[in-house]
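Asks: Encoded as C-alpha cells, here's the structure I'll be asking about.
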Amino acid sequence: MKTEELKEIAEKLVAGEKNAALTGAGVSTESGIPDFRSHGGLWEKYDPMEYATIDAFRRDPEKVWVMIKDMNALLEDAEPNPAHTGLARLEELGVLAGIVTQNIDNLHQEGGSKNVIEFHGNGRRLVCLKCNAAQDAEKARANWDKEFPPRCPECGYILKPDVVFFGEPIPPQASARAMELAQGVSVLLVVGTSATVAPASYIPMVARKTGAAIVEINIENTVLSEGFADYTLLGKAGETLPILIEAVEAVLDKKGGLT
Ligand code: OAD
C-alpha cells in the first residue's frame, strides 16, 4: 500500500460531503465466517441453485435448513473484527454516512456502526412465508433438539431466515435507502465483496455516475479493479482499514477536527 495513495484517499474522505461503504462477506472472513466464492467458500460446499434459491426453499425446506444450521454454527460465535470496528470508527469520525451490507451476520452493528442498511436481510430473524409471523432465530436455535427445522408458532409452517434468497426481491426499504445513500457520495469504499451479485453490484455504478471515487479494499483484484475502481487497496480488510483510519485521523488532526 502506497503512503501517498492512502493520504489521497484519507483527504478525499475528510473533504467529502457524504461517503459510504458497500461491504460483503470478505469483511467477516477474519471473524471466522467463510465467504461464498473464494476457495473454501460456502458455494464450494453447497450448490447455490440447490440451497439458496427461494424455489429450492419452497420445494424442500428441510434440505435447505441443513445448510442454514451449518452457517448458524459459524455465525453463533463470530465477533466483530477490526474491519467492522474500523468502519464504525470512520462513522464516529464523521467521514462515513453509512454502510450498505450484503452480509446477514449483524457484525457491523455489533462492531458499533449505527447506519447499516441490510441489503440481504438479517439471519437473526426468522419469518413465516405463510402467515408472515416473525421469530427470533436465537429462540428457535435453543429449541432445535426438540424441533428442527423450526416451525411458525402461529401456523406451524417451516420458518425461513429473514434473508434474501436468490429469486427474492431486495427488501424495498433497504433498496430505496441504499440507492439514496449511494447517490452523490464523494467516496464509496467497496470492502470485501466480489461485487458480482446484482442488484448490490449496481451500487458502485450509481455512486460512480454521481461522481464518487471508488476505493476498493480486497485481498485480490475483482471485476471493479480493472478500469472502474479509482483505488484498489490489496490486503485484508481487518488490516487495511486500521491503516486507512490512521491516515484519516492524521488529516483530521491537521485540520484540528479529531474527536
Ligand atoms: P463473495 O464470496 O462473492 O466475495 C467475497 C470477497 O471478499 C472476495 O472478493 C474475496 O477476495 C474478498 N475477501 C475475502 N476475505 C477478505 C478479507 N479478509 N479482506 C478483504 N477482502 C476479503 O461474497 P459477496 O461479494 O459478499 O447473497 O457475495 C455477495 C452475495 O453473494 C452474498 O450476499 C450472497 C452470495 O450469494 C445471497 O445469498 C443472496
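All residue names refer to the C-alpha cells as shown: chains lettered A, B, ... in order, residues numbered from 1 in each chain, ligands numbered from 1 in order.
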Neighbouring residues of ligand 1 are defined here as those with any atom at most 7 Å from a ligand atom, counting only C-alpha atoms and all ligand atoms; list them as JSON, numbers by chain.
Replies: {"A": [23, 24, 25, 26, 27, 29, 30, 35, 36, 37, 38, 41, 52, 102, 103, 120, 164, 165, 166, 191, 192, 193, 194, 195, 196, 197, 217, 218, 219, 220, 222, 235, 236, 237, 238]}
Asks: Filtering to C-alpha atoms, could you give me those residues as an mmCIF file, in the first residue's frame?
Replies:
data_model
loop_
_atom_site.group_PDB
_atom_site.id
_atom_site.type_symbol
_atom_site.label_atom_id
_atom_site.label_comp_id
_atom_site.auth_asym_id
_atom_site.auth_seq_id
_atom_site.Cartn_x
_atom_site.Cartn_y
_atom_site.Cartn_z
ATOM 1 C CA THR A 23 -19.482 -4.431 2.193
ATOM 2 C CA GLY A 24 -19.588 -8.142 1.516
ATOM 3 C CA ALA A 25 -18.611 -11.464 3.022
ATOM 4 C CA GLY A 26 -14.893 -10.552 2.944
ATOM 5 C CA VAL A 27 -15.302 -8.198 5.925
ATOM 6 C CA THR A 29 -13.840 -13.817 6.994
ATOM 7 C CA GLU A 30 -11.472 -12.529 9.683
ATOM 8 C CA ASP A 35 -17.188 -16.049 2.168
ATOM 9 C CA PHE A 36 -19.110 -17.527 -0.755
ATOM 10 C CA ARG A 37 -16.904 -17.592 -3.829
ATOM 11 C CA SER A 38 -13.314 -17.885 -2.581
ATOM 12 C CA GLY A 41 -16.245 -20.625 0.397
ATOM 13 C CA ALA A 52 -30.008 -20.757 -1.868
ATOM 14 C CA GLN A 102 -24.760 -7.744 1.787
ATOM 15 C CA ASN A 103 -23.959 -9.617 4.988
ATOM 16 C CA HIS A 120 -29.874 -9.090 2.049
ATOM 17 C CA VAL A 164 -32.786 -12.722 0.719
ATOM 18 C CA PHE A 165 -32.634 -15.973 -1.210
ATOM 19 C CA PHE A 166 -31.858 -15.958 -4.934
ATOM 20 C CA VAL A 191 -14.891 -3.671 1.059
ATOM 21 C CA GLY A 192 -14.639 -7.458 0.888
ATOM 22 C CA THR A 193 -17.095 -8.093 -1.899
ATOM 23 C CA SER A 194 -16.666 -9.714 -5.290
ATOM 24 C CA ALA A 195 -19.225 -7.128 -6.493
ATOM 25 C CA THR A 196 -20.759 -9.696 -8.795
ATOM 26 C CA VAL A 197 -24.254 -10.134 -7.347
ATOM 27 C CA ILE A 217 -10.360 -2.972 -0.310
ATOM 28 C CA ASN A 218 -9.951 -6.652 -1.087
ATOM 29 C CA ILE A 219 -7.393 -9.431 -0.781
ATOM 30 C CA GLU A 220 -7.494 -9.820 -4.557
ATOM 31 C CA THR A 222 -12.162 -8.045 -8.590
ATOM 32 C CA GLY A 235 -4.914 -6.611 1.646
ATOM 33 C CA LYS A 236 -7.113 -7.931 4.393
ATOM 34 C CA ALA A 237 -9.899 -5.550 5.327
ATOM 35 C CA GLY A 238 -9.131 -6.023 9.033
#
Asks: Name the residues in contact with range 94-100 of chain A at a cut-off of 7 Å, using only C-alpha atoms, excluding same-chain residues fewer than 4 positions from it; report them as a compact mmCIF listing (two decimals) with N, CA, C and O atoms, in the first residue's frame.
Replies:
# COMPACT_ATOMS: atom_id res chain seq x y z
N LEU A 13 -11.80 11.43 1.81
CA LEU A 13 -12.82 11.06 2.81
C LEU A 13 -13.15 12.25 3.71
O LEU A 13 -14.31 12.53 3.99
N VAL A 14 -12.12 12.95 4.13
CA VAL A 14 -12.34 14.09 5.04
C VAL A 14 -13.02 15.24 4.30
O VAL A 14 -13.93 15.90 4.85
N LYS A 18 -20.37 13.52 1.76
CA LYS A 18 -21.01 12.27 2.20
C LYS A 18 -20.21 11.12 1.60
O LYS A 18 -19.93 11.12 0.41
N ASN A 19 -19.82 10.19 2.45
CA ASN A 19 -19.13 8.99 1.97
C ASN A 19 -19.91 7.78 2.45
O ASN A 19 -20.63 7.85 3.45
N ALA A 20 -19.73 6.66 1.75
CA ALA A 20 -20.47 5.46 2.15
C ALA A 20 -19.59 4.24 1.89
O ALA A 20 -18.52 4.33 1.27
N ALA A 21 -20.06 3.10 2.39
CA ALA A 21 -19.34 1.84 2.14
C ALA A 21 -20.33 0.77 1.67
O ALA A 21 -21.48 0.75 2.11
N LEU A 22 -19.85 -0.07 0.78
CA LEU A 22 -20.58 -1.29 0.40
C LEU A 22 -19.72 -2.45 0.87
O LEU A 22 -18.53 -2.51 0.55
N THR A 23 -20.30 -3.33 1.68
CA THR A 23 -19.48 -4.43 2.19
C THR A 23 -20.07 -5.79 1.79
O THR A 23 -21.25 -5.91 1.49
N LEU A 90 -14.89 5.09 11.43
CA LEU A 90 -15.00 6.10 10.37
C LEU A 90 -16.32 6.87 10.50
O LEU A 90 -16.38 8.07 10.28
N ASN A 115 -25.52 3.41 11.16
CA ASN A 115 -26.35 3.43 9.95
C ASN A 115 -25.97 2.27 9.03
O ASN A 115 -25.09 2.40 8.18
N VAL A 116 -26.61 1.14 9.25
CA VAL A 116 -26.30 -0.06 8.46
C VAL A 116 -27.55 -0.45 7.67
O VAL A 116 -28.62 -0.66 8.26
N ILE A 117 -27.41 -0.51 6.38
CA ILE A 117 -28.54 -0.91 5.53
C ILE A 117 -28.31 -2.36 5.13
O ILE A 117 -27.32 -2.70 4.47
N GLU A 118 -29.21 -3.22 5.60
CA GLU A 118 -29.05 -4.66 5.35
C GLU A 118 -29.73 -5.04 4.04
O GLU A 118 -30.94 -5.24 3.98
N PHE A 119 -28.92 -5.11 3.00
CA PHE A 119 -29.45 -5.32 1.64
C PHE A 119 -30.01 -6.74 1.48
O PHE A 119 -30.93 -6.94 0.72
N ALA A 178 -30.55 2.32 0.25
CA ALA A 178 -29.20 2.09 -0.31
C ALA A 178 -28.97 2.97 -1.54
O ALA A 178 -27.90 3.60 -1.67
Asks: As an MDAnalysis selection string, please: the residues near Met205 in chain A (cut-off 12 Å, only C-alpha atoms, same-chain neighbours under 6 positions excluded).
Replies: chainID A and resid 22 179 182:185 188 190 195 198:199 211:214 224 228:229
Asks: Write the residues of the preceding selection, restricted to N, CA, C and O atoms, as a PDB file, in the first residue's frame.
Replies:
ATOM      1  N   LEU A  22     -19.848  -0.072   0.783  1.00  0.00           N
ATOM      2  CA  LEU A  22     -20.577  -1.286   0.398  1.00  0.00           C
ATOM      3  C   LEU A  22     -19.717  -2.448   0.874  1.00  0.00           C
ATOM      4  O   LEU A  22     -18.529  -2.507   0.553  1.00  0.00           O
ATOM      5  N   MET A 179     -29.966   3.055  -2.397  1.00  0.00           N
ATOM      6  CA  MET A 179     -29.801   3.857  -3.612  1.00  0.00           C
ATOM      7  C   MET A 179     -29.679   5.333  -3.248  1.00  0.00           C
ATOM      8  O   MET A 179     -28.890   6.067  -3.829  1.00  0.00           O
ATOM      9  N   ALA A 182     -26.209   5.881  -1.881  1.00  0.00           N
ATOM     10  CA  ALA A 182     -25.147   5.788  -2.894  1.00  0.00           C
ATOM     11  C   ALA A 182     -25.071   7.022  -3.789  1.00  0.00           C
ATOM     12  O   ALA A 182     -24.003   7.376  -4.290  1.00  0.00           O
ATOM     13  N   GLN A 183     -26.233   7.672  -3.961  1.00  0.00           N
ATOM     14  CA  GLN A 183     -26.242   8.832  -4.856  1.00  0.00           C
ATOM     15  C   GLN A 183     -25.556  10.033  -4.239  1.00  0.00           C
ATOM     16  O   GLN A 183     -25.856  10.397  -3.111  1.00  0.00           O
ATOM     17  N   GLY A 184     -24.626  10.573  -4.992  1.00  0.00           N
ATOM     18  CA  GLY A 184     -23.977  11.798  -4.545  1.00  0.00           C
ATOM     19  C   GLY A 184     -22.897  11.595  -3.512  1.00  0.00           C
ATOM     20  O   GLY A 184     -22.496  12.545  -2.850  1.00  0.00           O
ATOM     21  N   VAL A 185     -22.410  10.357  -3.340  1.00  0.00           N
ATOM     22  CA  VAL A 185     -21.309  10.196  -2.391  1.00  0.00           C
ATOM     23  C   VAL A 185     -20.003  10.679  -3.017  1.00  0.00           C
ATOM     24  O   VAL A 185     -19.815  10.600  -4.231  1.00  0.00           O
ATOM     25  N   LEU A 188     -16.884   6.063  -2.262  1.00  0.00           N
ATOM     26  CA  LEU A 188     -17.545   4.801  -1.903  1.00  0.00           C
ATOM     27  C   LEU A 188     -16.447   3.778  -1.614  1.00  0.00           C
ATOM     28  O   LEU A 188     -15.635   3.458  -2.487  1.00  0.00           O
ATOM     29  N   VAL A 190     -15.543   0.071  -1.144  1.00  0.00           N
ATOM     30  CA  VAL A 190     -16.134  -1.221  -1.526  1.00  0.00           C
ATOM     31  C   VAL A 190     -15.258  -2.294  -0.879  1.00  0.00           C
ATOM     32  O   VAL A 190     -14.134  -2.542  -1.314  1.00  0.00           O
ATOM     33  N   ALA A 195     -18.428  -8.091  -5.711  1.00  0.00           N
ATOM     34  CA  ALA A 195     -19.225  -7.128  -6.493  1.00  0.00           C
ATOM     35  C   ALA A 195     -19.799  -7.754  -7.760  1.00  0.00           C
ATOM     36  O   ALA A 195     -19.843  -7.138  -8.813  1.00  0.00           O
ATOM     37  N   ALA A 198     -26.006  -8.906  -8.463  1.00  0.00           N
ATOM     38  CA  ALA A 198     -26.955  -7.796  -8.644  1.00  0.00           C
ATOM     39  C   ALA A 198     -28.159  -8.009  -7.722  1.00  0.00           C
ATOM     40  O   ALA A 198     -28.490  -9.147  -7.409  1.00  0.00           O
ATOM     41  N   PRO A 199     -28.800  -6.957  -7.260  1.00  0.00           N
ATOM     42  CA  PRO A 199     -28.548  -5.552  -7.603  1.00  0.00           C
ATOM     43  C   PRO A 199     -27.516  -4.837  -6.718  1.00  0.00           C
ATOM     44  O   PRO A 199     -27.214  -3.686  -6.976  1.00  0.00           O
ATOM     45  N   GLY A 211     -20.462  10.800  -9.433  1.00  0.00           N
ATOM     46  CA  GLY A 211     -19.171  11.453  -9.213  1.00  0.00           C
ATOM     47  C   GLY A 211     -18.276  10.888  -8.126  1.00  0.00           C
ATOM     48  O   GLY A 211     -17.258  11.487  -7.785  1.00  0.00           O
ATOM     49  N   ALA A 212     -18.636   9.733  -7.565  1.00  0.00           N
ATOM     50  CA  ALA A 212     -17.830   9.206  -6.451  1.00  0.00           C
ATOM     51  C   ALA A 212     -16.483   8.649  -6.896  1.00  0.00           C
ATOM     52  O   ALA A 212     -16.354   8.132  -8.011  1.00  0.00           O
ATOM     53  N   ALA A 213     -15.516   8.740  -5.991  1.00  0.00           N
ATOM     54  CA  ALA A 213     -14.269   7.991  -6.166  1.00  0.00           C
ATOM     55  C   ALA A 213     -14.524   6.606  -5.555  1.00  0.00           C
ATOM     56  O   ALA A 213     -15.062   6.496  -4.455  1.00  0.00           O
ATOM     57  N   ILE A 214     -14.164   5.564  -6.290  1.00  0.00           N
ATOM     58  CA  ILE A 214     -14.406   4.200  -5.812  1.00  0.00           C
ATOM     59  C   ILE A 214     -13.105   3.656  -5.222  1.00  0.00           C
ATOM     60  O   ILE A 214     -12.087   3.579  -5.914  1.00  0.00           O
ATOM     61  N   LEU A 224     -14.109  -4.946 -10.405  1.00  0.00           N
ATOM     62  CA  LEU A 224     -14.037  -3.478 -10.352  1.00  0.00           C
ATOM     63  C   LEU A 224     -12.610  -2.955 -10.524  1.00  0.00           C
ATOM     64  O   LEU A 224     -12.409  -1.791 -10.866  1.00  0.00           O
ATOM     65  N   PHE A 228     -12.335   0.440 -13.319  1.00  0.00           N
ATOM     66  CA  PHE A 228     -13.520   1.019 -12.673  1.00  0.00           C
ATOM     67  C   PHE A 228     -13.167   1.686 -11.348  1.00  0.00           C
ATOM     68  O   PHE A 228     -13.489   2.854 -11.133  1.00  0.00           O
ATOM     69  N   ALA A 229     -12.508   0.923 -10.469  1.00  0.00           N
ATOM     70  CA  ALA A 229     -12.136   1.499  -9.167  1.00  0.00           C
ATOM     71  C   ALA A 229     -11.040   2.541  -9.357  1.00  0.00           C
ATOM     72  O   ALA A 229     -10.146   2.372 -10.193  1.00  0.00           O
TER      73      ALA A 229
END
Asks: A:Gly86, A:Gly121, A:Pro172, A:Gly167: which is nearest Glu246 in chain A, counting only C-alpha atoms?
Replies: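 For Glu246 in chain A, the nearest of the candidates is A:Gly86.
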Asks: Which neighbours of Ile54 in chain A fall inside 12 Å, counting only C-alpha atoms, when residues of the same chain fewer than 3 positions from it are skipped, and could you give them as a list in words?
Replies: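 The filter keeps Pro48, Met49, Glu50, Tyr51, Phe57, Arg58, Arg59, Asp60, Pro61, Val64, Leu129, Lys160, Pro161, Asp162, Val163, Val164, Phe165, Phe166, Gly167, Glu168 and Pro169 of chain A.
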Asks: Identify, on the basis of only C-alpha atoms, every residue whose closest approach to Lys2 in chain A does not exceed 12 Å; exclude the query and any residue fewer than 2 positions from it along the same chain; express the result as a tab-separated table (two decimals) with N, CA and C atoms, in the first residue's frame.
Replies:
chain	number	residue	atom	x	y	z
A	4	GLU	N	1.36	7.55	-0.21
A	4	GLU	CA	0.80	8.69	-0.94
A	4	GLU	C	-0.66	8.45	-1.30
A	5	GLU	N	-0.91	7.20	-1.73
A	5	GLU	CA	-2.27	6.81	-2.13
A	5	GLU	C	-3.22	6.88	-0.92
A	6	LEU	N	-2.75	6.36	0.20
A	6	LEU	CA	-3.56	6.37	1.43
A	6	LEU	C	-3.89	7.80	1.86
A	7	LYS	N	-2.90	8.66	1.73
A	7	LYS	CA	-3.09	10.07	2.13
A	7	LYS	C	-4.15	10.71	1.23
A	8	GLU	N	-4.05	10.40	-0.05
A	8	GLU	CA	-5.03	10.94	-1.02
A	8	GLU	C	-6.44	10.50	-0.66
A	9	ILE	N	-6.57	9.19	-0.38
A	9	ILE	CA	-7.90	8.65	-0.04
A	9	ILE	C	-8.41	9.29	1.25
A	231	TYR	N	-9.14	3.42	-6.78
A	231	TYR	CA	-8.04	2.88	-5.96
A	231	TYR	C	-8.39	1.44	-5.60
A	232	THR	N	-7.42	0.56	-5.69
A	232	THR	CA	-7.61	-0.80	-5.18
A	232	THR	C	-6.53	-1.05	-4.13
A	233	LEU	N	-6.98	-1.17	-2.88
A	233	LEU	CA	-6.03	-1.44	-1.80
A	233	LEU	C	-6.06	-2.94	-1.56
A	234	LEU	N	-4.99	-3.60	-1.96
A	234	LEU	CA	-4.95	-5.06	-1.82
A	234	LEU	C	-4.46	-5.43	-0.43
A	240	THR	N	-6.19	-3.48	6.58
A	240	THR	CA	-6.11	-2.27	5.75
A	240	THR	C	-6.90	-1.11	6.37
A	243	ILE	N	-5.18	0.96	9.01
A	243	ILE	CA	-4.14	1.84	8.45
A	243	ILE	C	-4.78	3.07	7.80
A	244	LEU	N	-5.89	2.82	7.11
A	244	LEU	CA	-6.60	3.94	6.49
A	244	LEU	C	-7.12	4.91	7.56
A	247	ALA	N	-4.55	7.23	8.69
A	247	ALA	CA	-4.34	8.31	7.71
A	247	ALA	C	-5.45	9.35	7.82
Asks: Pick out the closest residue to Ala174 in chain A from this set: A:Lys130, A:Ala73, A:Ala200, A:Pro149. Count only C-alpha atoms.
Replies: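 For Ala174 in chain A, the nearest of the candidates is A:Ala200.
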